[in-house]
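Comments concern the structure below.
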Amino acid sequence: MRVAVVFKDQTDYTRAVSDYLRDFKIQTGHELETINPESPGGIQFCESYDILEYPTIIALSDDGMMQNSWHGLPLPTVSEVSYYVQ
């Protein structure tokens with residue numbers, strides 16, 4: 001499984017995402033991948049999964065199929081997302 005957080009830095013929600021990433025690591029011991037939607041790889045990723053709203057948390061299976069996604073604020077609970085982290 002792959003879980004990624006797609007968000008732009010220096011926005012009004014950056015603090016909420018940073019706090020969430022920190023809390024997720026503390027509570028689960030796992031780090032979530034972060035993707036900048038304005039980077040070349042991020043643009044392609046967002047186009048592939050039709051991500052238009054930020055922040056977005058997306059859970060993908062090993063073969064790249066979307067399993068779940070959460071868009072905007074409020075962010076999902078850590079337990080909701082941790083289900084997809086191995």
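If you're wondering about the labels, chains in the structure tokens are A, B, ... by order shown, residues count from 1 in each chain, ligands from 1 in order shown.
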
Report task. Taking the DSSP assignment computed from this structure's backbone, write out as a list of chain:residue names all residues of chain A that belong to helix (DSSP H, G or I). Result ->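 Those in chain A that DSSP calls helix (DSSP H, G or I) are A:Thr14, A:Arg15, A:Ala16, A:Val17, A:Ser18, A:Asp19, A:Tyr20, A:Leu21, A:Arg22, A:Asp23, A:Phe24, A:Lys25, A:Ile26, A:Gln27, A:Thr28, A:Pro40, A:Gly41, A:Gly42, A:Ile43, A:Gln44, A:Phe45, A:Cys46, A:Glu47, A:Ser48, A:Val78, A:Ser79, A:Glu80, A:Val81, A:Ser82.
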
**Report entry** Nearby residues (only C-alpha atoms) at most 10 Å from Glu38 of chain A, same-chain spacing under 2 positions excluded, as a ChimeraX atom specification
**Finding:** /A:6-9,35-36,40-44,46

Might you pull out every residue within 12 Å of Glu80 of chain A, with only C-alpha atoms counted and same-chain residues fewer than 3 positions away left off, and present them as a PDB file with N, CA and C atoms, in the first residue's frame?
```pdb
ATOM      1  N   VAL A   3       0.394   5.410   0.753  1.00  0.00           N
ATOM      2  CA  VAL A   3      -0.469   6.498   1.203  1.00  0.00           C
ATOM      3  C   VAL A   3       0.311   7.794   1.033  1.00  0.00           C
ATOM      4  N   PHE A  24       0.669  11.600  12.985  1.00  0.00           N
ATOM      5  CA  PHE A  24       0.583  10.277  12.373  1.00  0.00           C
ATOM      6  C   PHE A  24       1.841   9.472  12.669  1.00  0.00           C
ATOM      7  N   THR A  28       1.641   6.107  14.898  1.00  0.00           N
ATOM      8  CA  THR A  28       1.751   4.847  14.151  1.00  0.00           C
ATOM      9  C   THR A  28       3.179   4.381  13.929  1.00  0.00           C
ATOM     10  N   ILE A  57      -5.459  13.285   0.841  1.00  0.00           N
ATOM     11  CA  ILE A  57      -4.755  12.079   1.267  1.00  0.00           C
ATOM     12  C   ILE A  57      -5.318  10.953   0.418  1.00  0.00           C
ATOM     13  N   ILE A  58      -4.426  10.186  -0.212  1.00  0.00           N
ATOM     14  CA  ILE A  58      -4.859   9.121  -1.112  1.00  0.00           C
ATOM     15  C   ILE A  58      -4.160   7.815  -0.743  1.00  0.00           C
ATOM     16  N   ALA A  59      -4.939   6.751  -0.687  1.00  0.00           N
ATOM     17  CA  ALA A  59      -4.415   5.414  -0.401  1.00  0.00           C
ATOM     18  C   ALA A  59      -4.485   4.603  -1.684  1.00  0.00           C
ATOM     19  N   ASN A  68      -8.868   4.574  -1.368  1.00  0.00           N
ATOM     20  CA  ASN A  68      -9.648   5.575  -0.657  1.00  0.00           C
ATOM     21  C   ASN A  68      -8.967   6.921  -0.816  1.00  0.00           C
ATOM     22  N   SER A  69      -9.735   7.986  -0.632  1.00  0.00           N
ATOM     23  CA  SER A  69      -9.131   9.320  -0.644  1.00  0.00           C
ATOM     24  C   SER A  69      -9.980  10.254   0.207  1.00  0.00           C
ATOM     25  N   TRP A  70      -9.311  11.246   0.746  1.00  0.00           N
ATOM     26  CA  TRP A  70      -9.949  12.262   1.579  1.00  0.00           C
ATOM     27  C   TRP A  70      -9.501  13.606   1.038  1.00  0.00           C
ATOM     28  N   LEU A  75      -9.021  17.033   8.017  1.00  0.00           N
ATOM     29  CA  LEU A  75      -8.319  15.814   7.625  1.00  0.00           C
ATOM     30  C   LEU A  75      -8.941  14.617   8.341  1.00  0.00           C
ATOM     31  N   PRO A  76      -8.812  13.427   7.761  1.00  0.00           N
ATOM     32  CA  PRO A  76      -9.384  12.238   8.412  1.00  0.00           C
ATOM     33  C   PRO A  76      -8.638  11.911   9.701  1.00  0.00           C
ATOM     34  N   THR A  77      -9.224  11.042  10.502  1.00  0.00           N
ATOM     35  CA  THR A  77      -8.533  10.641  11.725  1.00  0.00           C
ATOM     36  C   THR A  77      -7.319   9.787  11.366  1.00  0.00           C
ATOM     37  N   TYR A  83      -5.233   2.421   8.633  1.00  0.00           N
ATOM     38  CA  TYR A  83      -5.744   1.149   8.115  1.00  0.00           C
ATOM     39  C   TYR A  83      -5.034   0.779   6.803  1.00  0.00           C
ATOM     40  N   TYR A  84      -4.621   1.785   6.031  1.00  0.00           N
ATOM     41  CA  TYR A  84      -4.014   1.566   4.720  1.00  0.00           C
ATOM     42  C   TYR A  84      -2.488   1.537   4.753  1.00  0.00           C
ATOM     43  N   VAL A  85      -1.899   1.736   5.897  1.00  0.00           N
ATOM     44  CA  VAL A  85      -0.443   1.757   6.012  1.00  0.00           C
ATOM     45  C   VAL A  85       0.029   0.397   6.527  1.00  0.00           C
TER      46      VAL A  85
END
```

Query - Among listed residues A:Tyr20, A:Arg2, A:Pro37, A:Gly29, nearest Leu52 of chain A (using only C-alpha atoms) - result: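 Between A:Tyr20, A:Arg2, A:Pro37, A:Gly29, the residue approaching Leu52 of chain A most closely is A:Pro37.
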
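Taking atom CA of Tyr49 of chain A as the reference point, atom CA of Gly64 of chain A is found at 9.7 Å.
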
Query raised in the report: Nearest to Ile51 of chain A among A:Ser82, A:Pro74, A:Val5, A:Glu33, with distances taken over only C-alpha atoms: which residue is it?
Result: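 Checking each of A:Ser82, A:Pro74, A:Val5, A:Glu33 against Ile51 of chain A, counting only C-alpha atoms, the winner is A:Val5.
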
Requested in this report: Work out how far atom CA of Thr11 of chain A is from atom CA of Ser61 of chain A, in Å to one decimal.
Outcome: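 Answer for the atom CA of Ser61 of chain A to atom CA of Thr11 of chain A separation: 29.1 Å.
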
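Counting from atom CA of Asp50 of chain A, the distance to atom CA of His30 of chain A is 25.7 Å.
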
Query raised in the report: Just asking: which residues within chain A are strand (DSSP E or B) according to DSSP, as an NGL selection string?
Result: :A and (2-6 or 33-35 or 56-60 or 66-71)

Excluding Leu73 of chain A and its own-chain neighbours fewer than 3 positions away, which residues fall within 9 Å of it when counting only C-alpha atoms? Please give them as a PDB file with N, CA and C atoms, in the first residue's frame.
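Output below, filename out_28.pdb:
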```
ATOM      1  N   TYR A  13      -3.556  25.987   5.012  1.00  0.00           N
ATOM      2  CA  TYR A  13      -3.723  24.673   5.636  1.00  0.00           C
ATOM      3  C   TYR A  13      -2.399  23.951   5.902  1.00  0.00           C
ATOM      4  N   ALA A  16      -1.944  22.682   9.476  1.00  0.00           N
ATOM      5  CA  ALA A  16      -2.789  21.528   9.795  1.00  0.00           C
ATOM      6  C   ALA A  16      -2.187  20.245   9.222  1.00  0.00           C
ATOM      7  N   TYR A  54      -6.821  20.444  -2.525  1.00  0.00           N
ATOM      8  CA  TYR A  54      -5.720  20.209  -1.586  1.00  0.00           C
ATOM      9  C   TYR A  54      -6.113  20.681  -0.203  1.00  0.00           C
ATOM     10  N   PRO A  55      -5.675  20.043   0.838  1.00  0.00           N
ATOM     11  CA  PRO A  55      -4.882  18.823   0.821  1.00  0.00           C
ATOM     12  C   PRO A  55      -5.742  17.614   0.477  1.00  0.00           C
ATOM     13  N   THR A  56      -5.106  16.613  -0.117  1.00  0.00           N
ATOM     14  CA  THR A  56      -5.740  15.329  -0.401  1.00  0.00           C
ATOM     15  C   THR A  56      -4.849  14.236   0.152  1.00  0.00           C
ATOM     16  N   TRP A  70      -9.311  11.246   0.746  1.00  0.00           N
ATOM     17  CA  TRP A  70      -9.949  12.262   1.579  1.00  0.00           C
ATOM     18  C   TRP A  70      -9.501  13.606   1.038  1.00  0.00           C
ATOM     19  N   PRO A  76      -8.812  13.427   7.761  1.00  0.00           N
ATOM     20  CA  PRO A  76      -9.384  12.238   8.412  1.00  0.00           C
ATOM     21  C   PRO A  76      -8.638  11.911   9.701  1.00  0.00           C
TER      22      PRO A  76
END
```
